[in-house]
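Have a look at protein-v9.pdb; it's PDB, C-alpha atoms, pLDDT in the B column:
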```pdb
ATOM      1  CA  LEU A   6      -2.338 -13.325  -7.197  1.00 93.00           C
ATOM      2  CA  HIS A   7      -1.969 -12.986  -3.442  1.00 95.00           C
ATOM      3  CA  VAL A   8      -0.261 -14.857  -0.634  1.00 97.00           C
ATOM      4  CA  GLY A   9      -0.336 -14.558   3.136  1.00 97.00           C
ATOM      5  CA  VAL A  10       1.962 -16.342   5.577  1.00 98.00           C
ATOM      6  CA  GLY A  11       2.103 -16.162   9.348  1.00 97.00           C
ATOM      7  CA  VAL A  12       4.934 -17.471  11.500  1.00 97.00           C
ATOM      8  CA  GLY A  13       4.683 -16.806  15.200  1.00 96.00           C
ATOM      9  CA  GLN A  14       4.195 -13.100  15.760  1.00 97.00           C
ATOM     10  CA  PHE A  15       5.204 -12.208  12.174  1.00 98.00           C
ATOM     11  CA  SER A  16       2.961 -12.139   9.133  1.00 98.00           C
ATOM     12  CA  PHE A  17       3.707 -11.444   5.476  1.00 98.00           C
ATOM     13  CA  PHE A  18       1.252 -10.504   2.782  1.00 97.00           C
ATOM     14  CA  GLY A  19       2.039 -10.138  -0.917  1.00 98.00           C
ATOM     15  CA  GLU A  20      -0.152  -9.291  -3.875  1.00 97.00           C
ATOM     16  CA  TYR A  21       0.239  -8.810  -7.641  1.00 97.00           C
ATOM     17  CA  VAL A  22      -2.458  -7.410  -9.954  1.00 96.00           C
ATOM     18  CA  THR A  23      -2.242  -6.858 -13.713  1.00 94.00           C
ATOM     19  CA  ALA A  24      -4.473  -6.234 -16.703  1.00 88.00           C
ATOM     20  CA  LEU A  25      -4.493  -9.270 -18.980  1.00 87.00           C
ATOM     21  CA  ASP A  26      -4.527  -7.155 -22.154  1.00 81.00           C
ATOM     22  CA  ASP A  27      -3.397  -3.666 -23.134  1.00 78.00           C
ATOM     23  CA  PHE A  28      -6.019  -0.963 -22.798  1.00 73.00           C
ATOM     24  CA  ALA A  29      -6.701   1.120 -25.895  1.00 70.00           C
ATOM     25  CA  PRO A  30      -5.199   4.656 -25.747  1.00 64.00           C
ATOM     26  CA  ALA A  31      -8.707   6.119 -25.317  1.00 58.00           C
ATOM     27  CA  GLU A  32      -9.230   4.003 -22.160  1.00 58.00           C
ATOM     28  CA  VAL A  33      -5.875   4.234 -20.347  1.00 57.00           C
ATOM     29  CA  GLU A  34      -3.292   6.343 -22.111  1.00 54.00           C
ATOM     30  CA  LEU A  35       0.428   6.029 -21.516  1.00 56.00           C
ATOM     31  CA  LEU A  36       2.458   8.444 -23.608  1.00 54.00           C
ATOM     32  CA  ASP A  37       0.045   8.288 -26.589  1.00 61.00           C
ATOM     33  CA  ARG A  38      -0.259   4.518 -26.587  1.00 65.00           C
ATOM     34  CA  GLY A  39      -2.310   1.960 -24.687  1.00 69.00           C
ATOM     35  CA  ALA A  40      -1.168   0.675 -21.327  1.00 79.00           C
ATOM     36  CA  ARG A  41      -1.190  -2.568 -19.378  1.00 85.00           C
ATOM     37  CA  PRO A  42      -1.325  -1.342 -15.756  1.00 89.00           C
ATOM     38  CA  ARG A  43       0.016  -3.595 -13.023  1.00 94.00           C
ATOM     39  CA  ALA A  44       0.807  -3.273  -9.342  1.00 97.00           C
ATOM     40  CA  TRP A  45       2.284  -5.247  -6.495  1.00 97.00           C
ATOM     41  CA  ASN A  46       2.246  -4.915  -2.736  1.00 97.00           C
ATOM     42  CA  ALA A  47       4.377  -6.470   0.020  1.00 98.00           C
ATOM     43  CA  GLU A  48       3.697  -6.042   3.747  1.00 98.00           C
ATOM     44  CA  LEU A  49       5.434  -7.370   6.851  1.00 98.00           C
ATOM     45  CA  ALA A  50       3.772  -7.092  10.262  1.00 98.00           C
ATOM     46  CA  TYR A  51       4.775  -7.905  13.821  1.00 98.00           C
ATOM     47  CA  THR A  52       2.075  -8.443  16.445  1.00 97.00           C
ATOM     48  CA  THR A  53       2.850  -8.103  20.141  1.00 97.00           C
ATOM     49  CA  GLY A  54       1.247  -6.978  23.362  1.00 95.00           C
ATOM     50  CA  ILE A  55       1.879  -3.556  24.904  1.00 95.00           C
ATOM     51  CA  PHE A  56       0.068  -2.696  28.154  1.00 92.00           C
ATOM     52  CA  ASP A  57      -1.802  -6.012  27.697  1.00 92.00           C
ATOM     53  CA  ARG A  58      -3.265  -4.767  24.405  1.00 95.00           C
ATOM     54  CA  GLU A  59      -2.732  -6.297  20.978  1.00 95.00           C
ATOM     55  CA  THR A  60      -0.370  -4.034  19.016  1.00 97.00           C
ATOM     56  CA  VAL A  61       0.668  -4.391  15.383  1.00 97.00           C
ATOM     57  CA  PHE A  62       3.723  -2.783  13.777  1.00 98.00           C
ATOM     58  CA  ALA A  63       3.815  -2.988   9.981  1.00 98.00           C
ATOM     59  CA  VAL A  64       5.880  -1.852   7.016  1.00 98.00           C
ATOM     60  CA  GLY A  65       4.988  -2.112   3.349  1.00 98.00           C
ATOM     61  CA  TRP A  66       6.147  -1.361  -0.173  1.00 98.00           C
ATOM     62  CA  GLN A  67       3.885  -0.888  -3.184  1.00 97.00           C
ATOM     63  CA  GLN A  68       4.908  -0.451  -6.821  1.00 97.00           C
ATOM     64  CA  THR A  69       2.964   0.219 -10.025  1.00 96.00           C
ATOM     65  CA  ASP A  70       3.880   0.109 -13.692  1.00 93.00           C
ATOM     66  CA  GLU A  71       2.070   1.804 -16.594  1.00 88.00           C
ATOM     67  CA  ALA A  72      -0.486   3.207 -14.124  1.00 88.00           C
ATOM     68  CA  VAL A  73       0.246   6.936 -14.448  1.00 85.00           C
ATOM     69  CA  ALA A  74      -3.118   7.559 -16.190  1.00 81.00           C
ATOM     70  CA  LEU A  75      -4.863   5.977 -13.202  1.00 84.00           C
ATOM     71  CA  GLU A  76      -3.241   8.641 -10.986  1.00 87.00           C
ATOM     72  CA  LEU A  77      -1.488   6.032  -8.860  1.00 91.00           C
ATOM     73  CA  PRO A  78       2.007   6.716  -7.521  1.00 95.00           C
ATOM     74  CA  GLU A  79       4.883   4.757  -9.023  1.00 96.00           C
ATOM     75  CA  SER A  80       5.925   3.632  -5.542  1.00 97.00           C
ATOM     76  CA  ARG A  81       4.659   3.928  -1.976  1.00 97.00           C
ATOM     77  CA  TYR A  82       6.460   3.140   1.273  1.00 98.00           C
ATOM     78  CA  ILE A  83       4.266   2.556   4.325  1.00 98.00           C
ATOM     79  CA  GLY A  84       4.763   2.347   8.075  1.00 98.00           C
ATOM     80  CA  SER A  85       2.007   1.869  10.640  1.00 98.00           C
ATOM     81  CA  VAL A  86       1.285   1.014  14.236  1.00 98.00           C
ATOM     82  CA  GLY A  87      -2.106  -0.051  15.535  1.00 97.00           C
ATOM     83  CA  MET A  88      -3.362  -0.932  18.992  1.00 97.00           C
ATOM     84  CA  GLU A  89      -6.573  -2.502  20.270  1.00 96.00           C
ATOM     85  CA  ILE A  90      -7.868   0.174  22.658  1.00 96.00           C
ATOM     86  CA  LEU A  91     -11.187  -1.519  23.514  1.00 95.00           C
ATOM     87  CA  PRO A  92     -12.540  -4.976  22.637  1.00 93.00           C
ATOM     88  CA  ASP A  93     -12.728  -5.156  18.820  1.00 93.00           C
ATOM     89  CA  THR A  94     -11.746  -1.455  18.539  1.00 97.00           C
ATOM     90  CA  PHE A  95      -8.410  -0.485  16.996  1.00 97.00           C
ATOM     91  CA  PHE A  96      -6.594   2.846  16.809  1.00 98.00           C
ATOM     92  CA  THR A  97      -4.017   3.025  13.990  1.00 98.00           C
ATOM     93  CA  LEU A  98      -1.460   5.629  12.912  1.00 98.00           C
ATOM     94  CA  GLU A  99      -0.115   5.271   9.387  1.00 98.00           C
ATOM     95  CA  TYR A 100       2.509   7.127   7.360  1.00 98.00           C
ATOM     96  CA  TYR A 101       3.197   6.720   3.694  1.00 97.00           C
ATOM     97  CA  HIS A 102       5.609   8.285   1.261  1.00 98.00           C
ATOM     98  CA  ASP A 103       4.597   8.362  -2.414  1.00 97.00           C
ATOM     99  CA  ARG A 104       6.913   8.832  -5.388  1.00 97.00           C
ATOM    100  CA  ASP A 105       5.114   9.838  -8.576  1.00 96.00           C
ATOM    101  CA  TYR A 106       6.176   8.866 -12.068  1.00 94.00           C
ATOM    102  CA  ASP A 107       8.902  11.014 -13.641  1.00 93.00           C
ATOM    103  CA  LEU A 108       7.932  13.828 -16.024  1.00 90.00           C
ATOM    104  CA  GLU A 109       9.203  11.884 -19.044  1.00 87.00           C
ATOM    105  CA  ASP A 110       6.876   9.020 -18.048  1.00 84.00           C
ATOM    106  CA  GLY A 111       3.835  11.323 -17.874  1.00 84.00           C
ATOM    107  CA  GLY A 112       3.912  11.946 -14.118  1.00 88.00           C
ATOM    108  CA  THR A 113       4.717  15.002 -12.043  1.00 91.00           C
ATOM    109  CA  GLY A 114       8.053  13.835 -10.651  1.00 92.00           C
ATOM    110  CA  ASN A 115       6.825  14.914  -7.210  1.00 95.00           C
ATOM    111  CA  ASN A 116       6.813  13.151  -3.864  1.00 96.00           C
ATOM    112  CA  ALA A 117       4.101  13.232  -1.190  1.00 96.00           C
ATOM    113  CA  ASN A 118       4.021  12.430   2.523  1.00 98.00           C
ATOM    114  CA  VAL A 119       0.735  11.504   4.192  1.00 96.00           C
ATOM    115  CA  PHE A 120      -0.227  10.715   7.791  1.00 97.00           C
ATOM    116  CA  THR A 121      -3.533   9.037   8.583  1.00 97.00           C
ATOM    117  CA  VAL A 122      -5.347   8.234  11.822  1.00 98.00           C
ATOM    118  CA  GLU A 123      -7.953   5.490  11.916  1.00 97.00           C
ATOM    119  CA  LEU A 124     -10.384   4.357  14.572  1.00 97.00           C
ATOM    120  CA  ALA A 125     -12.010   1.071  13.554  1.00 97.00           C
ATOM    121  CA  TYR A 126     -14.543  -1.221  15.186  1.00 96.00           C
ATOM    122  CA  GLU A 127     -14.614  -4.832  13.978  1.00 90.00           C
ATOM    123  CA  PHE A 128     -17.873  -6.770  13.959  1.00 91.00           C
TER     124      PHE A 128
END
```
Would you put the structure from the file into structure tokens?
Amino acid sequence: LHVGVGVGQFSFFGEYVTALDDFAPAEVELLDRGARPRAWNAELAYTTGIFDRETVFAVGWQQTDEAVALELPESRYIGSVGMEILPDTFFTLEYYHDRDYDLEDGGTGNNANVFTVELAYEF
């Protein structure tokens, strides 16, 4: 399930994904039993012009459940800014903070911080 809505310079995107049935323990194990992994994502973006170039500021929040065996974090918080530097060419900086599942849920209990840089050409 996904939805996208734009109002003026703001846009919202939401998504929910789930397995329809439980996986057998041999396929996706969750504490010695099968799992039904699911995840959702919500993003809010603001598009404006800086130095006459399209610029997008965005924040997001992602959450998973019963997905520890898939090595996905339990939650992720995202912030990004991207700017069109040439026609159809975007430069984006992104930061995200991951929180892993707790030890008692089969995770590491650790957090991670990641910065990415992307140069993309759209065609």
Result set of the PyMOL selection byres ((chain A and resi 125) around 6) on the coordinates above, as JSON, numbers by chain: {"A": [94, 95, 124, 126]}
Nearest to Phe56 in chain A by atom-to-atom distance, counting all atoms listed in the file, from A:Ile83, A:Ile90, A:Leu108, A:Leu25: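 The answer is A:Ile90, which sits nearest to Phe56 in chain A.
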Selected residue, from A:Gly65, A:Gly13, A:Pro78, A:Gly19, that lies nearest to Gly112 in chain A when counting all atoms listed in the file: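 When distances to Gly112 in chain A are compared using all atoms listed in the file, the smallest one comes from A:Pro78.
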Interatomic distance, CA of Tyr101 in chain A to CA of Val10 in chain A (Å, one decimal):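 Interatomic distance, CA of Tyr101 in chain A to CA of Val10 in chain A: 23.2 Å.
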Selection under test: the PyMOL selection byres ((chain A and resi 49) around 8); residues as a list in words: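 Evaluating the PyMOL selection byres ((chain A and resi 49) around 8) on these coordinates yields Phe15, Ser16, Phe17, Phe18, Ala47, Glu48, Ala50, Tyr51, Ala63, Val64 and Gly65 of chain A.
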Distance in Å - CA of Arg81 in chain A versus CA of Gln67 in chain A: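 Separation between CA of Arg81 in chain A and CA of Gln67 in chain A: 5.0 Å.
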Test item: the PyMOL selection byres ((chain A and resi 24) around 9) resolved as a ChimeraX atom specification: /A:22-23,25-28,40-43
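Closest approach to Ala74 in chain A from the set A:Thr52, A:Gln14, A:Thr113, A:Asn118 is made by A:Thr113, with distances taken over all atoms listed in the file.
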CA of Thr121 in chain A to CA of Val61 in chain A, distance in Å rounded to a single decimal: 15.6 Å
What does range 84-98 of chain A look like written to a file with all heavy atoms, as a CSV table (one decimal), in the first residue's frame?
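Below is the file that was written, part-v9.csv:
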```csv
chain,number,residue,atom,x,y,z
A,84,GLY,N,17.2,12.4,7.1
A,84,GLY,CA,17.1,13.8,6.7
A,84,GLY,C,18.0,14.0,5.5
A,84,GLY,O,19.0,13.4,5.4
A,85,SER,N,17.5,14.8,4.5
A,85,SER,CA,18.3,15.0,3.3
A,85,SER,C,18.0,16.3,2.7
A,85,SER,O,17.0,17.0,3.0
A,85,SER,CB,17.9,13.9,2.3
A,85,SER,OG,16.6,14.1,1.7
A,86,VAL,N,19.0,16.8,1.9
A,86,VAL,CA,18.8,18.0,1.1
A,86,VAL,C,19.4,17.7,-0.3
A,86,VAL,O,20.5,17.1,-0.3
A,86,VAL,CB,19.4,19.2,1.8
A,86,VAL,CG1,20.9,19.0,2.0
A,86,VAL,CG2,19.2,20.5,1.0
A,87,GLY,N,18.7,18.0,-1.3
A,87,GLY,CA,19.2,17.8,-2.7
A,87,GLY,C,19.0,19.1,-3.5
A,87,GLY,O,18.0,19.8,-3.3
A,88,MET,N,19.9,19.3,-4.4
A,88,MET,CA,19.8,20.5,-5.3
A,88,MET,C,20.1,20.1,-6.7
A,88,MET,O,21.1,19.3,-7.0
A,88,MET,CB,20.8,21.5,-4.8
A,88,MET,CG,20.8,22.8,-5.7
A,88,MET,SD,22.0,24.0,-5.1
A,88,MET,CE,21.1,24.9,-3.9
A,89,GLU,N,19.4,20.7,-7.7
A,89,GLU,CA,19.7,20.5,-9.1
A,89,GLU,C,20.9,21.4,-9.4
A,89,GLU,O,20.8,22.6,-9.3
A,89,GLU,CB,18.5,20.8,-9.9
A,89,GLU,CG,18.7,20.6,-11.4
A,89,GLU,CD,17.5,20.9,-12.2
A,89,GLU,OE1,16.7,21.8,-11.9
A,89,GLU,OE2,17.3,20.2,-13.2
A,90,ILE,N,22.0,20.8,-9.7
A,90,ILE,CA,23.2,21.6,-10.0
A,90,ILE,C,23.4,21.8,-11.5
A,90,ILE,O,24.1,22.8,-11.8
A,90,ILE,CB,24.5,20.9,-9.4
A,90,ILE,CG1,24.7,19.5,-9.9
A,90,ILE,CG2,24.4,20.9,-7.9
A,90,ILE,CD1,26.0,18.8,-9.5
A,91,LEU,N,22.9,21.0,-12.3
A,91,LEU,CA,22.9,21.2,-13.8
A,91,LEU,C,21.5,20.6,-14.3
A,91,LEU,O,20.8,20.0,-13.5
A,91,LEU,CB,24.0,20.3,-14.4
A,91,LEU,CG,25.4,20.7,-14.1
A,91,LEU,CD1,26.4,19.7,-14.6
A,91,LEU,CD2,25.8,22.1,-14.7
A,92,PRO,N,21.1,20.9,-15.5
A,92,PRO,CA,19.8,20.4,-15.9
A,92,PRO,C,19.8,18.9,-15.8
A,92,PRO,O,20.7,18.2,-16.2
A,92,PRO,CB,19.8,20.8,-17.4
A,92,PRO,CG,20.6,22.0,-17.5
A,92,PRO,CD,21.7,21.8,-16.5
A,93,ASP,N,18.8,18.4,-15.1
A,93,ASP,CA,18.5,17.0,-14.8
A,93,ASP,C,19.6,16.3,-14.0
A,93,ASP,O,19.7,15.1,-14.0
A,93,ASP,CB,18.3,16.2,-16.2
A,93,ASP,CG,17.2,16.8,-17.0
A,93,ASP,OD1,16.2,17.1,-16.4
A,93,ASP,OD2,17.4,16.9,-18.2
A,94,THR,N,20.4,17.1,-13.3
A,94,THR,CA,21.5,16.5,-12.5
A,94,THR,C,21.4,17.0,-11.1
A,94,THR,O,21.3,18.2,-10.8
A,94,THR,CB,22.9,16.9,-13.0
A,94,THR,OG1,23.0,16.5,-14.4
A,94,THR,CG2,24.0,16.2,-12.3
A,95,PHE,N,21.2,16.1,-10.1
A,95,PHE,CA,21.0,16.4,-8.7
A,95,PHE,C,22.1,16.0,-7.8
A,95,PHE,O,22.7,14.9,-8.0
A,95,PHE,CB,19.7,15.8,-8.2
A,95,PHE,CG,18.5,16.5,-8.7
A,95,PHE,CD1,18.0,16.2,-10.0
A,95,PHE,CD2,17.8,17.5,-8.0
A,95,PHE,CE1,16.8,16.8,-10.5
A,95,PHE,CE2,16.7,18.1,-8.5
A,95,PHE,CZ,16.2,17.8,-9.7
A,96,PHE,N,22.5,16.8,-6.9
A,96,PHE,CA,23.5,16.5,-5.8
A,96,PHE,C,22.7,16.4,-4.5
A,96,PHE,O,22.0,17.4,-4.2
A,96,PHE,CB,24.5,17.6,-5.8
A,96,PHE,CG,25.6,17.3,-4.7
A,96,PHE,CD1,26.6,16.4,-4.9
A,96,PHE,CD2,25.6,18.0,-3.6
A,96,PHE,CE1,27.5,16.2,-4.0
A,96,PHE,CE2,26.5,17.8,-2.6
A,96,PHE,CZ,27.5,16.9,-2.8
A,97,THR,N,22.8,15.3,-3.8
A,97,THR,CA,22.0,15.1,-2.6
A,97,THR,C,22.9,14.6,-1.4
A,97,THR,O,23.8,13.8,-1.6
A,97,THR,CB,20.9,14.0,-2.8
A,97,THR,OG1,20.1,14.4,-3.9
A,97,THR,CG2,20.1,13.8,-1.6
A,98,LEU,N,22.7,15.2,-0.3
A,98,LEU,CA,23.3,14.8,1.0
A,98,LEU,C,22.2,14.2,1.8
A,98,LEU,O,21.2,14.8,2.0
A,98,LEU,CB,24.0,16.0,1.7
A,98,LEU,CG,25.1,16.7,1.0
A,98,LEU,CD1,25.4,18.0,1.8
A,98,LEU,CD2,26.3,15.9,0.8
```
